[in-house]
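Student: I am sharing protein-v4.cif, which consists of mmCIF, C-alpha atoms:
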data_work
loop_
_atom_site.label_atom_id
_atom_site.label_comp_id
_atom_site.auth_asym_id
_atom_site.auth_seq_id
_atom_site.Cartn_x
_atom_site.Cartn_y
_atom_site.Cartn_z
CA MET A 19 88.18 119.56 57.85
CA ARG A 20 84.85 120.47 56.20
CA GLN A 21 86.67 120.76 52.87
CA ARG A 22 88.13 117.25 53.19
CA ILE A 23 84.72 115.83 54.08
CA LEU A 24 83.23 117.52 51.02
CA VAL A 25 85.76 115.98 48.64
CA SER A 26 85.15 112.56 50.13
CA ALA A 27 81.38 112.90 49.95
CA LEU A 28 81.36 114.09 46.37
CA SER A 29 83.75 111.37 45.26
CA ALA A 30 81.68 108.73 47.02
CA GLY A 31 78.60 109.93 45.20
CA ALA A 32 79.79 108.55 41.83
CA LEU A 33 78.89 111.84 40.23
CA ALA A 34 80.24 111.10 36.77
CA VAL A 35 77.51 110.50 34.24
CA VAL A 36 78.30 107.61 31.95
CA GLY A 37 75.30 107.88 29.63
CA VAL A 38 71.77 109.07 29.28
CA THR A 39 68.95 106.77 28.33
CA ALA A 40 66.10 107.75 26.06
CA ALA A 41 63.76 107.33 29.01
CA MET A 42 65.71 109.88 31.07
CA SER A 43 65.73 112.37 28.22
CA SER A 44 62.01 112.00 27.70
CA ALA A 45 61.01 112.06 31.37
CA ALA A 46 63.22 115.03 32.11
CA GLY A 47 61.88 117.05 29.22
CA ALA A 48 65.29 117.46 27.58
CA VAL A 49 65.52 119.86 24.66
CA ALA A 50 66.92 119.03 21.23
CA ALA A 51 70.64 119.10 20.43
CA PRO A 52 72.00 119.86 23.93
CA THR A 53 75.58 119.52 25.04
CA PRO A 54 75.94 116.13 26.78
CA TYR A 55 77.78 115.47 30.02
CA THR A 56 79.83 112.30 29.65
CA ALA A 57 82.16 110.17 31.74
CA GLY A 58 84.88 112.18 33.42
CA LYS A 59 82.75 114.98 34.77
CA HIS A 60 82.82 115.55 38.51
CA ALA A 61 81.26 117.92 41.01
CA ALA A 62 82.82 121.08 42.39
CA LYS A 63 81.67 123.62 44.93
CA VAL A 64 80.40 126.87 43.45
CA CYS A 65 81.26 129.09 46.43
CA SER A 66 84.65 129.31 48.14
CA ALA A 67 84.96 127.71 51.55
CA THR A 68 85.26 129.98 54.56
CA ARG A 69 87.03 129.59 57.88
CA ALA A 70 85.39 132.65 59.40
CA ALA A 71 83.15 132.04 62.40
CA HIS A 72 79.44 132.66 61.97
CA THR A 73 79.80 132.95 58.21
CA ALA A 74 77.97 130.81 55.68
CA VAL A 75 78.95 129.20 52.40
CA CYS A 76 76.47 128.52 49.60
CA ASP A 77 75.51 124.88 49.11
CA ALA A 78 75.54 124.74 45.30
CA VAL A 79 77.75 122.37 43.32
CA LYS A 80 78.18 122.02 39.56
CA LEU A 81 79.47 119.42 37.15
CA VAL A 82 82.89 120.35 35.76
CA ASP A 83 85.53 118.76 33.54
CA ALA A 84 88.94 117.44 34.56
CA LYS A 85 90.32 120.98 34.55
CA GLY A 86 87.61 122.19 36.91
CA ALA A 87 85.70 124.11 34.24
CA ALA A 88 82.06 123.77 33.23
CA PRO A 89 81.91 123.61 29.43
CA LYS A 90 80.30 126.70 27.93
CA SER A 91 77.14 125.76 26.11
CA SER A 92 74.42 127.53 24.16
CA ALA A 93 71.91 124.84 25.15
CA PRO A 94 71.04 123.00 28.37
CA PRO A 95 73.03 119.82 29.12
CA ALA A 96 71.17 116.67 28.10
CA THR A 97 71.44 115.13 31.56
CA GLY A 98 70.10 118.18 33.40
CA LEU A 99 66.74 118.03 35.14
CA THR A 100 64.23 120.37 33.49
CA PRO A 101 60.93 121.86 34.72
CA THR A 102 59.00 119.08 32.96
CA GLY A 103 61.09 116.42 34.65
CA LEU A 104 61.02 118.04 38.08
CA GLN A 105 57.26 118.50 38.03
CA ASP A 106 56.77 114.91 36.90
CA ALA A 107 59.14 113.49 39.52
CA TYR A 108 57.38 115.29 42.36
CA LYS A 109 53.84 115.24 40.90
CA LEU A 110 53.53 119.01 40.80
CA LYS A 111 52.10 119.39 37.32
CA GLY A 112 48.92 121.42 37.33
CA LEU A 113 49.42 122.85 40.82
CA LYS A 114 49.35 126.65 41.10
CA ALA A 115 50.93 129.15 43.46
CA ASN A 116 48.18 131.62 42.56
CA GLY A 117 50.36 134.68 42.96
CA ARG A 118 52.02 133.63 46.19
CA THR A 119 55.64 134.73 46.56
CA VAL A 120 58.81 132.78 47.27
CA ALA A 121 61.65 134.90 48.67
CA ILE A 122 65.24 133.82 48.08
CA VAL A 123 68.01 135.00 50.40
CA ASP A 124 71.61 134.89 49.24
CA ALA A 125 74.78 136.93 49.62
CA TYR A 126 76.26 139.47 47.20
CA GLY A 127 75.06 140.84 43.89
CA TYR A 128 74.11 139.44 40.48
CA PRO A 129 73.56 142.29 37.99
CA ASN A 130 72.17 140.09 35.20
CA LEU A 131 69.81 138.01 37.30
CA GLU A 132 66.69 139.19 35.49
CA ARG A 133 68.25 138.70 32.06
CA ASP A 134 69.48 135.20 32.85
CA LEU A 135 66.21 134.16 34.44
CA GLY A 136 64.50 135.27 31.25
CA VAL A 137 66.78 133.01 29.19
CA TYR A 138 66.01 130.02 31.45
CA ARG A 139 62.26 130.50 31.45
CA SER A 140 62.10 131.12 27.71
CA GLN A 141 64.15 127.99 26.99
CA PHE A 142 61.65 125.80 28.80
CA GLY A 143 58.47 127.54 27.71
CA LEU A 144 57.69 129.18 31.05
CA SER A 145 55.95 132.55 31.12
CA ALA A 146 58.17 135.60 31.56
CA CYS A 147 58.92 136.73 35.13
CA THR A 148 60.16 140.32 35.10
CA THR A 149 60.50 143.27 37.41
CA ALA A 150 58.25 145.30 35.11
CA SER A 151 55.40 142.81 35.50
CA GLY A 152 55.85 142.59 39.27
CA CYS A 153 56.70 138.89 39.10
CA LEU A 154 60.34 139.50 40.06
CA LYS A 155 61.85 141.84 42.62
CA VAL A 156 65.51 142.19 43.63
CA ILE A 157 66.39 144.16 46.76
CA ASP A 158 69.25 144.60 49.20
CA GLN A 159 69.24 143.22 52.74
CA ASN A 160 67.46 146.30 54.08
CA GLY A 161 64.79 146.32 51.37
CA GLY A 162 66.38 149.03 49.22
CA THR A 163 68.05 149.18 45.83
CA SER A 164 71.71 149.55 46.93
CA LEU A 165 72.59 146.10 45.65
CA PRO A 166 75.89 144.58 46.79
CA ARG A 167 78.98 143.84 44.71
CA PHE A 168 79.08 140.92 42.30
CA ASN A 169 80.42 137.58 43.50
CA ALA A 170 80.57 134.84 40.86
CA GLY A 171 80.04 131.93 43.25
CA TRP A 172 77.06 133.39 45.03
CA ALA A 173 75.61 134.66 41.74
CA GLY A 174 75.68 131.07 40.50
CA GLU A 175 73.83 130.11 43.66
CA GLN A 176 71.19 132.74 42.96
CA ALA A 177 70.78 131.48 39.39
CA LEU A 178 70.15 127.96 40.69
CA ASP A 179 67.66 129.24 43.25
CA VAL A 180 65.52 131.34 40.90
CA ASP A 181 65.59 128.62 38.24
CA ALA A 182 64.58 125.94 40.78
CA VAL A 183 61.63 127.98 42.03
CA SER A 184 60.63 128.69 38.43
CA ALA A 185 60.79 124.99 37.56
CA ALA A 186 58.74 123.79 40.53
CA ALA A 187 56.18 126.62 40.67
CA PRO A 188 56.23 128.56 37.39
CA ASP A 189 53.48 130.97 38.41
CA ALA A 190 55.03 131.91 41.77
CA ARG A 191 56.32 135.43 42.23
CA ILE A 192 59.99 135.70 43.22
CA ILE A 193 61.77 138.17 45.50
CA VAL A 194 65.55 137.95 45.75
CA VAL A 195 67.10 139.59 48.81
CA GLN A 196 70.86 140.08 48.46
CA ALA A 197 72.88 140.35 51.68
CA LYS A 198 76.03 142.47 51.57
CA SER A 199 78.12 139.60 52.93
CA ALA A 200 77.81 135.94 53.88
CA SER A 201 77.90 136.61 57.62
CA PHE A 202 75.10 135.13 59.68
CA ALA A 203 74.12 138.66 60.72
CA ASP A 204 73.82 140.03 57.16
CA LEU A 205 72.08 136.95 55.81
CA GLY A 206 69.78 136.96 58.82
CA THR A 207 68.92 140.61 58.27
CA ALA A 208 68.04 139.73 54.67
CA VAL A 209 65.70 136.99 55.93
CA GLN A 210 63.95 139.48 58.20
CA THR A 211 63.56 141.84 55.24
CA ALA A 212 62.18 139.00 53.09
CA ALA A 213 59.58 138.17 55.73
CA LYS A 214 58.26 141.75 55.59
CA GLN A 215 57.60 141.70 51.84
CA ALA A 216 53.97 141.49 50.77
CA GLY A 217 52.80 138.08 49.61
CA VAL A 218 55.80 136.08 50.85
CA VAL A 219 54.78 132.60 52.03
CA ALA A 220 58.18 130.90 51.83
CA ILE A 221 61.83 131.96 52.19
CA SER A 222 64.58 129.78 50.71
CA ASN A 223 68.07 129.75 52.24
CA SER A 224 70.58 127.71 50.23
CA TYR A 225 73.54 128.17 52.52
CA GLY A 226 74.90 127.11 55.87
CA GLY A 227 77.71 127.35 58.36
CA GLY A 228 78.57 125.58 61.58
CA ASP A 229 75.90 124.71 64.08
CA ALA A 230 74.69 127.81 65.94
CA ASP A 231 72.32 128.73 68.72
CA ASP A 232 68.79 129.99 68.14
CA ALA A 233 69.28 132.02 71.30
CA THR A 234 71.61 134.23 69.24
CA TYR A 235 70.43 133.83 65.63
CA GLY A 236 66.90 132.47 65.89
CA LYS A 237 65.40 135.96 65.75
CA TYR A 238 66.31 136.07 62.07
CA TYR A 239 64.45 132.88 61.16
CA ASN A 240 61.47 132.94 63.54
CA HIS A 241 58.56 133.82 61.25
CA SER A 242 55.26 132.17 62.05
CA GLY A 243 53.10 131.83 58.96
CA ILE A 244 56.07 131.64 56.56
CA ALA A 245 57.88 128.47 55.51
CA VAL A 246 61.60 129.13 55.98
CA THR A 247 63.59 126.41 54.21
CA ALA A 248 67.33 125.81 54.65
CA SER A 249 69.84 123.48 53.01
CA THR A 250 71.44 120.88 55.27
CA GLY A 251 74.79 121.15 53.44
CA ASP A 252 76.84 119.17 50.94
CA ASN A 253 79.39 117.53 53.25
CA GLY A 254 77.53 114.35 54.18
CA TYR A 255 76.93 113.38 57.81
CA GLN A 256 78.45 116.21 59.83
CA GLY A 257 76.22 117.28 62.72
CA GLY A 258 74.28 120.51 62.73
CA SER A 259 74.55 123.18 60.03
CA TYR A 260 72.92 126.52 60.65
CA PRO A 261 70.27 127.68 59.77
CA ALA A 262 69.03 124.16 58.87
CA SER A 263 69.66 123.24 62.52
CA SER A 264 67.36 126.02 63.70
CA SER A 265 64.08 125.00 65.31
CA TYR A 266 62.35 127.61 63.13
CA THR A 267 63.33 126.31 59.67
CA THR A 268 62.44 123.37 57.47
CA ALA A 269 65.75 121.51 57.06
CA VAL A 270 66.07 120.20 53.50
CA GLY A 271 68.31 117.26 52.65
CA GLY A 272 69.17 115.79 49.27
CA THR A 273 68.64 112.81 47.00
CA SER A 274 69.90 111.25 43.80
CA LEU A 275 66.98 111.24 41.36
CA VAL A 276 66.87 109.08 38.22
CA ALA A 277 64.21 108.04 35.73
CA ALA A 278 62.96 104.49 36.28
CA SER A 279 60.58 101.96 34.76
CA ASN A 280 58.27 101.89 37.78
CA THR A 281 54.81 103.28 38.49
CA ARG A 282 56.17 106.63 39.58
CA GLY A 283 58.61 106.83 36.67
CA TRP A 284 61.49 107.85 38.96
CA SER A 285 63.53 106.42 41.80
CA GLU A 286 65.46 108.15 44.56
CA SER A 287 68.21 107.29 46.97
CA VAL A 288 70.35 109.27 49.41
CA TRP A 289 72.77 111.69 47.76
CA SER A 290 76.07 110.94 49.48
CA GLY A 291 76.77 114.66 49.95
CA ALA A 292 73.49 115.46 51.72
CA GLY A 293 74.10 116.97 55.15
CA SER A 294 72.57 115.44 58.26
CA GLY A 295 73.05 115.41 62.00
CA CYS A 296 71.88 116.75 65.33
CA SER A 297 72.16 120.25 66.68
CA THR A 298 74.04 120.63 69.94
CA TYR A 299 72.08 123.79 70.74
CA ASN A 300 68.53 123.92 69.49
CA THR A 301 65.27 122.41 70.67
CA ALA A 302 63.93 119.32 68.94
CA LEU A 303 60.75 119.76 66.91
CA SER A 304 57.81 118.52 68.95
CA ALA A 305 56.21 117.31 65.71
CA ALA A 306 59.14 114.89 65.27
CA SER A 307 58.89 113.34 68.72
CA SER A 308 57.38 110.06 67.51
CA PHE A 309 59.76 109.55 64.57
CA ASP A 310 62.80 108.10 66.39
CA THR A 311 65.36 110.62 65.19
CA GLY A 312 67.86 109.55 67.85
CA CYS A 313 68.70 113.22 68.47
CA ALA A 314 68.23 114.77 71.90
CA LYS A 315 67.90 118.15 70.22
CA ARG A 316 67.02 119.39 66.73
CA ALA A 317 67.47 116.72 64.04
CA MET A 318 68.05 117.41 60.38
CA ALA A 319 66.74 116.87 57.72
CA ASP A 320 62.95 117.21 57.76
CA VAL A 321 62.31 116.58 54.06
CA SER A 322 64.44 116.45 50.91
CA ALA A 323 64.54 116.85 47.13
CA ALA A 324 66.93 116.32 44.22
CA ALA A 325 70.49 117.43 45.00
CA ASP A 326 72.97 115.08 43.31
CA PRO A 327 74.47 117.22 40.52
CA GLY A 328 75.00 114.16 38.32
CA LYS A 329 71.71 112.38 39.03
CA GLY A 330 68.96 114.94 39.28
CA GLY A 331 71.05 118.10 38.99
CA MET A 332 69.24 120.89 37.19
CA ALA A 333 70.13 122.42 33.84
CA ILE A 334 70.48 126.10 34.72
CA TYR A 335 71.61 129.32 33.07
CA TYR A 336 74.20 130.99 35.27
CA PRO A 337 76.87 133.73 35.18
CA THR A 338 80.51 132.92 34.53
CA SER A 339 81.48 136.57 34.99
CA LYS A 340 79.82 139.91 35.67
CA THR A 341 78.72 140.10 32.03
CA ALA A 342 78.72 136.55 30.56
CA SER A 343 76.48 133.55 31.29
CA THR A 344 76.09 129.99 30.03
CA TRP A 345 74.32 126.68 30.64
CA ALA A 346 75.57 124.08 33.11
CA GLN A 347 74.32 121.36 35.45
CA PHE A 348 73.99 122.29 39.12
CA GLY A 349 72.98 120.43 42.25
CA GLY A 350 73.65 120.40 45.98
CA THR A 351 71.14 120.84 48.77
CA SER A 352 70.97 124.36 47.34
CA GLU A 353 68.83 122.82 44.62
CA ALA A 354 66.58 121.09 47.15
CA ALA A 355 65.83 124.06 49.44
CA PRO A 356 64.21 126.30 46.78
CA ILE A 357 62.27 123.32 45.39
CA ILE A 358 60.73 122.72 48.81
CA ALA A 359 60.07 126.45 49.28
CA ALA A 360 58.22 126.42 45.96
CA VAL A 361 56.16 123.40 47.04
CA TYR A 362 55.08 125.30 50.15
CA ALA A 363 53.97 128.12 47.83
CA LEU A 364 51.99 125.61 45.79
CA SER A 365 50.30 124.24 48.90
CA GLY A 366 49.37 127.68 50.25
CA ASN A 367 49.39 126.12 53.70
CA THR A 368 51.97 127.88 55.85
CA ALA A 369 50.06 128.65 59.05
CA GLY A 370 51.95 128.39 62.32
CA TYR A 371 55.44 126.91 61.95
CA PRO A 372 55.31 125.03 58.63
CA ASN A 373 58.26 122.76 59.48
CA ALA A 374 55.75 120.74 61.52
CA LEU A 375 53.43 120.07 58.57
CA PRO A 376 55.31 117.18 56.90
CA TYR A 377 55.39 115.26 60.18
CA GLY A 378 51.60 115.20 60.20
CA HIS A 379 51.37 114.15 56.55
CA ALA A 380 54.32 111.81 56.04
CA SER A 381 52.21 109.44 53.94
CA SER A 382 51.98 112.19 51.31
CA LEU A 383 55.73 112.01 50.66
CA PHE A 384 57.90 109.65 48.65
CA ASP A 385 59.85 107.78 51.31
CA VAL A 386 63.55 107.35 50.42
CA THR A 387 64.79 104.04 51.79
CA SER A 388 68.20 103.38 50.24
CA GLY A 389 71.63 104.99 50.35
CA SER A 390 73.99 106.57 52.87
CA ASN A 391 75.90 109.82 53.38
CA GLY A 392 78.72 108.53 55.56
CA SER A 393 79.43 106.77 58.84
CA CYS A 394 77.64 107.71 62.04
CA PRO A 395 77.19 106.41 65.60
CA THR A 396 73.41 106.13 65.26
CA THR A 397 72.22 104.31 62.13
CA GLN A 398 69.41 106.60 61.05
CA TRP A 399 71.59 109.73 61.14
CA CYS A 400 73.38 108.71 57.94
CA ASN A 401 71.50 105.76 56.45
CA ALA A 402 68.17 105.76 54.66
CA ARG A 403 65.39 103.63 56.08
CA ALA A 404 61.59 103.49 56.08
CA GLY A 405 60.26 106.59 57.80
CA TRP A 406 62.54 109.38 59.00
CA ASP A 407 66.28 109.35 58.38
CA GLY A 408 68.93 112.07 58.56
CA PRO A 409 69.92 112.53 54.91
CA THR A 410 66.39 112.65 53.48
CA GLY A 411 64.15 113.36 56.45
CA LEU A 412 60.63 112.05 55.87
CA GLY A 413 61.09 111.95 52.10
CA THR A 414 60.43 114.02 48.98
CA PRO A 415 57.30 115.73 47.63
CA ASN A 416 54.48 113.63 46.19
CA GLY A 417 52.41 116.62 45.18
CA ALA A 418 51.94 119.30 47.80
CA GLY A 419 49.83 117.31 50.24
CA ALA A 420 52.51 117.06 52.93
CA PHE A 421 53.09 120.81 53.02
#
With the file now loaded, output its structure as structure tokens.
Tutor:
Amino acid sequence: MRQRILVSALSAGALAVVGVTAAMSSAAGAVAAPTPYTAGKHAAKVCSATRAAHTAVCDAVKLVDAKGAAPKSSAPPATGLTPTGLQDAYKLKGLKANGRTVAIVDAYGYPNLERDLGVYRSQFGLSACTTASGCLKVIDQNGGTSLPRFNAGWAGEQALDVDAVSAAAPDARIIVVQAKSASFADLGTAVQTAAKQAGVVAISNSYGGGDADDATYGKYYNHSGIAVTASTGDNGYQGGSYPASSSYTTAVGGTSLVAASNTRGWSESVWSGAGSGCSTYNTALSAASSFDTGCAKRAMADVSAAADPGKGGMAIYYPTSKTASTWAQFGGTSEAAPIIAAVYALSGNTAGYPNALPYGHASSLFDVTSGSNGSCPTTQWCNARAGWDGPTGLGTPNGAGAF
């Protein structure tokens, strides 16, 4: 059922890119002579779906051709969002993480993560982030060096995550914690390990499964003083998706982001794939009590960022096999979660439970007021509006003032 919803949501999102204007290329910081994405491209999930209970799937999607393949390219796609574009869209230019660390939790291994991250950062003029310098650290779910086996889908997810953090907060340190499987228990153990690492102020989780109970799994995500972000999913309006439906995380929805001739220079609407809904298990955030979520329990999303792979999807360098890598254009709420984690690192304000912070500073966000991610019994669960709505929460970053 989830797979059918996904296909519908992605199709409804009009993900094919017909053309790229000069304004988009300039605002997004596109490099010279890239490989363009043209009409006919569509979005495909990066990770295989799972039917196993209490198991997650990564929330990354990429643009592919009619045969389901992403064209191999020696340069970033012209339509891909770059660090320059991302920082301009969310007014992050000049902000510093000042050595604070963003941890990224994903499943399985990625042997060439450091190499590929180096290619990405060099391409866009970002300073090197290596294990030798202490900027980058890759560990297993227990904090050791027994890294798990390679999985192409999840490795692509990791590439998106480290590139997104690099784009939003270039001076942040990065720790990648690789779980040995995509089970809630293994991923949760990896989150606990991430929270113990020195300097970690935010933990990004670009994955989700069915709604689940904090009474069973909340121990993994309950970390006062650390912003734990989680993707709401790529299947449109669907109800809760764990861990985004946890009371301990910041649930991150998704938008379509395009350059525009307005004061901001960009406009946003709901990405049709962005997950939203109400948990059937977990306690509503007290900070959200005056925002008319319509949910008796935990509502998602809280905030959002670019996620539409065709309109705001990032140009990333990712592995196509255990040894080979290439450029492609990725999106999904997997793009949004690490962006928001990076913004928390830029703010440096993660005292208490940071998912409450945006609710006290909603005026410091770009409110997203157009678009829909499906049909729902309560209007705001799937339709954008002024203030809070399910697909985009309170809105997207306008600097780091809301975090």
Student: Identify, on the basis of all atoms listed in the file, every residue whose closest approach to A:Tyr238 does not exceed 9 Å; exclude the query and any residue fewer than 2 positions from it along the same chain; express the result as a PDB file with C-alpha atoms, in the coordinates of the input.
Tutor:
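After the write, part_21.pdb holds the following:
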ATOM      1  CA  ALA A 203      74.120 138.660  60.720  1.00  0.00           C
ATOM      2  CA  LEU A 205      72.080 136.950  55.810  1.00  0.00           C
ATOM      3  CA  GLY A 206      69.780 136.960  58.820  1.00  0.00           C
ATOM      4  CA  THR A 207      68.920 140.610  58.270  1.00  0.00           C
ATOM      5  CA  ALA A 208      68.040 139.730  54.670  1.00  0.00           C
ATOM      6  CA  VAL A 209      65.700 136.990  55.930  1.00  0.00           C
ATOM      7  CA  GLN A 210      63.950 139.480  58.200  1.00  0.00           C
ATOM      8  CA  ASP A 232      68.790 129.990  68.140  1.00  0.00           C
ATOM      9  CA  TYR A 235      70.430 133.830  65.630  1.00  0.00           C
ATOM     10  CA  GLY A 236      66.900 132.470  65.890  1.00  0.00           C
ATOM     11  CA  ASN A 240      61.470 132.940  63.540  1.00  0.00           C
ATOM     12  CA  HIS A 241      58.560 133.820  61.250  1.00  0.00           C
TER      13      HIS A 241
END
Student: Report as a ChimeraX atom specification the full result of the PyMOL selection byres ((chain A and resi 369) around 10) when it is applied to this structure.
Tutor: /A:219,242-245,366-368,370-372,375
Student: Taking 6 positions as the minimum chain separation for residues in the same chain, which residues sit within 7 Å of A:Gly254 when counting all atoms listed in the file? Answer as number ranges by chain.
Tutor: A: 27, 290-294, 391-392
Student: Name the residues that the PyMOL selection byres ((chain A and resi 71) around 10) picks from the file above, as a PyMOL selection string, using the file's chain letters and numbers.
Tutor: chain A and resi 68-70+72-74+201-202+227-228
Student: Export C-alpha atoms of the chosen residues as a PDB file, in the coordinates of the input?
Tutor:
ATOM      1  CA  THR A  68      85.260 129.980  54.560  1.00  0.00           C
ATOM      2  CA  ARG A  69      87.030 129.590  57.880  1.00  0.00           C
ATOM      3  CA  ALA A  70      85.390 132.650  59.400  1.00  0.00           C
ATOM      4  CA  HIS A  72      79.440 132.660  61.970  1.00  0.00           C
ATOM      5  CA  THR A  73      79.800 132.950  58.210  1.00  0.00           C
ATOM      6  CA  ALA A  74      77.970 130.810  55.680  1.00  0.00           C
ATOM      7  CA  SER A 201      77.900 136.610  57.620  1.00  0.00           C
ATOM      8  CA  PHE A 202      75.100 135.130  59.680  1.00  0.00           C
ATOM      9  CA  GLY A 227      77.710 127.350  58.360  1.00  0.00           C
ATOM     10  CA  GLY A 228      78.570 125.580  61.580  1.00  0.00           C
TER      11      GLY A 228
END
Student: Please write as a count of residues only the list of polymer residues whose atoms come within 7 Å of (71.2, 103.8, 50.2), counting all atoms listed in the file and keeping to the coordinates of the file.
Tutor: 8
Student: For a quick check of understanding, using all atoms listed in the file, which of A:Gly350, A:Pro409, A:Gly86, A:Pro94 has the smallest distance to A:Val137?
Tutor: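 Residue with the minimum atom-to-atom distance to A:Val137: A:Pro94.
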Student: Counting all atoms listed in the file, which of A:Leu154, A:Cys76, A:Ile221, A:Leu131 gets nearest to A:Pro188?
Tutor: A:Leu154
Student: Nearest to A:Ser322: which of A:Ala359, A:Ala306, A:Ala87, A:Cys65 is it, counting all atoms listed in the file?
Tutor: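 Answer, going by the shortest atom-to-atom distance: A:Ala359.
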Student: With the file shown as input, list the residues that the PyMOL selection byres ((chain A and resi 353) around 8) selects, as a PyMOL selection string.
Tutor: chain A and resi 78+178-179+182+224+323-325+331-332+348-352+354-357
Student: So that I can check the surroundings of A:Thr341, please list as a list in words every protein, DNA and RNA residue that reaches within 9 Å of it, counting only C-alpha atoms and ignoring chain neighbours fewer than 3 positions away.
Tutor: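 Answer for this query is Pro129, Asn130, Pro337 and Thr338 of chain A.
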Student: Check the smallest atom-to-atom distance from each of A:Gln141, A:Gln105, A:Thr97, A:Ser263 to A:Val276 using all atoms listed in the file, then report the winner.
Tutor: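 Checking each candidate against A:Val276, we get A:Thr97 as the closest.
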Student: If you count all atoms listed in the file, which residues fall within 6 Å of stretch 112-128 of chain A, apart from same-chain ones fewer than 4 positions away, as a PDB file with C-alpha atoms, in the coordinates of the input?
Tutor:
ATOM      1  CA  PRO A 166      75.890 144.580  46.790  1.00  0.00           C
ATOM      2  CA  ARG A 167      78.980 143.840  44.710  1.00  0.00           C
ATOM      3  CA  PHE A 168      79.080 140.920  42.300  1.00  0.00           C
ATOM      4  CA  ASN A 169      80.420 137.580  43.500  1.00  0.00           C
ATOM      5  CA  ALA A 173      75.610 134.660  41.740  1.00  0.00           C
ATOM      6  CA  ASP A 189      53.480 130.970  38.410  1.00  0.00           C
ATOM      7  CA  ALA A 190      55.030 131.910  41.770  1.00  0.00           C
ATOM      8  CA  ARG A 191      56.320 135.430  42.230  1.00  0.00           C
ATOM      9  CA  ILE A 192      59.990 135.700  43.220  1.00  0.00           C
ATOM     10  CA  ILE A 193      61.770 138.170  45.500  1.00  0.00           C
ATOM     11  CA  VAL A 194      65.550 137.950  45.750  1.00  0.00           C
ATOM     12  CA  VAL A 195      67.100 139.590  48.810  1.00  0.00           C
ATOM     13  CA  GLN A 196      70.860 140.080  48.460  1.00  0.00           C
ATOM     14  CA  ALA A 197      72.880 140.350  51.680  1.00  0.00           C
ATOM     15  CA  LYS A 198      76.030 142.470  51.570  1.00  0.00           C
ATOM     16  CA  SER A 199      78.120 139.600  52.930  1.00  0.00           C
ATOM     17  CA  ALA A 200      77.810 135.940  53.880  1.00  0.00           C
ATOM     18  CA  GLY A 217      52.800 138.080  49.610  1.00  0.00           C
ATOM     19  CA  VAL A 218      55.800 136.080  50.850  1.00  0.00           C
ATOM     20  CA  VAL A 219      54.780 132.600  52.030  1.00  0.00           C
ATOM     21  CA  ALA A 220      58.180 130.900  51.830  1.00  0.00           C
ATOM     22  CA  ILE A 221      61.830 131.960  52.190  1.00  0.00           C
ATOM     23  CA  SER A 222      64.580 129.780  50.710  1.00  0.00           C
ATOM     24  CA  ASN A 223      68.070 129.750  52.240  1.00  0.00           C
ATOM     25  CA  ALA A 363      53.970 128.120  47.830  1.00  0.00           C
ATOM     26  CA  LEU A 364      51.990 125.610  45.790  1.00  0.00           C
TER      27      LEU A 364
END
Student: Can you pull out every residue within 10 Å of A:Asp407, counting only C-alpha atoms, but drop anything in the same chain fewer than 4 positions away, and send it as an MDAnalysis selection string?
Tutor: chainID A and resid 271 288 294:295 309:312 317:321 385:387 390 397:403 411:413
Student: Produce a file of the selected residues containing C-alpha atoms, as an mmCIF file, in the coordinates of the input.
Tutor:
data_model
loop_
_atom_site.group_PDB
_atom_site.id
_atom_site.type_symbol
_atom_site.label_atom_id
_atom_site.label_comp_id
_atom_site.auth_asym_id
_atom_site.auth_seq_id
_atom_site.Cartn_x
_atom_site.Cartn_y
_atom_site.Cartn_z
ATOM 1 C CA GLY A 271 68.310 117.260 52.650
ATOM 2 C CA VAL A 288 70.350 109.270 49.410
ATOM 3 C CA SER A 294 72.570 115.440 58.260
ATOM 4 C CA GLY A 295 73.050 115.410 62.000
ATOM 5 C CA PHE A 309 59.760 109.550 64.570
ATOM 6 C CA ASP A 310 62.800 108.100 66.390
ATOM 7 C CA THR A 311 65.360 110.620 65.190
ATOM 8 C CA GLY A 312 67.860 109.550 67.850
ATOM 9 C CA ALA A 317 67.470 116.720 64.040
ATOM 10 C CA MET A 318 68.050 117.410 60.380
ATOM 11 C CA ALA A 319 66.740 116.870 57.720
ATOM 12 C CA ASP A 320 62.950 117.210 57.760
ATOM 13 C CA VAL A 321 62.310 116.580 54.060
ATOM 14 C CA ASP A 385 59.850 107.780 51.310
ATOM 15 C CA VAL A 386 63.550 107.350 50.420
ATOM 16 C CA THR A 387 64.790 104.040 51.790
ATOM 17 C CA SER A 390 73.990 106.570 52.870
ATOM 18 C CA THR A 397 72.220 104.310 62.130
ATOM 19 C CA GLN A 398 69.410 106.600 61.050
ATOM 20 C CA TRP A 399 71.590 109.730 61.140
ATOM 21 C CA CYS A 400 73.380 108.710 57.940
ATOM 22 C CA ASN A 401 71.500 105.760 56.450
ATOM 23 C CA ALA A 402 68.170 105.760 54.660
ATOM 24 C CA ARG A 403 65.390 103.630 56.080
ATOM 25 C CA GLY A 411 64.150 113.360 56.450
ATOM 26 C CA LEU A 412 60.630 112.050 55.870
ATOM 27 C CA GLY A 413 61.090 111.950 52.100
#
Student: So which one's closest to A:Gly272, A:Ile358, A:Ala187, A:Ala346, A:Ala88? Using only C-alpha atoms, please.
Tutor: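 Of all the options, A:Ile358 lies closest to A:Gly272.
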Student: What's the separation between atom CA of A:Lys155 and atom CA of A:Lys109, in Å to one decimal place?
Tutor: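 That distance, rounded to one decimal, is 27.8 Å.
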Student: Considering all atoms listed in the file, state which residue in the set A:Ala314, A:Ala333, A:Leu303, A:Val79 is at the smallest distance from A:Tyr225.
Tutor: A:Val79
Student: Could you check how far atom CA of A:Val64 sits from atom CA of A:Ser339, in Å to one decimal?
Tutor: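 A separation of 12.9 Å between them.
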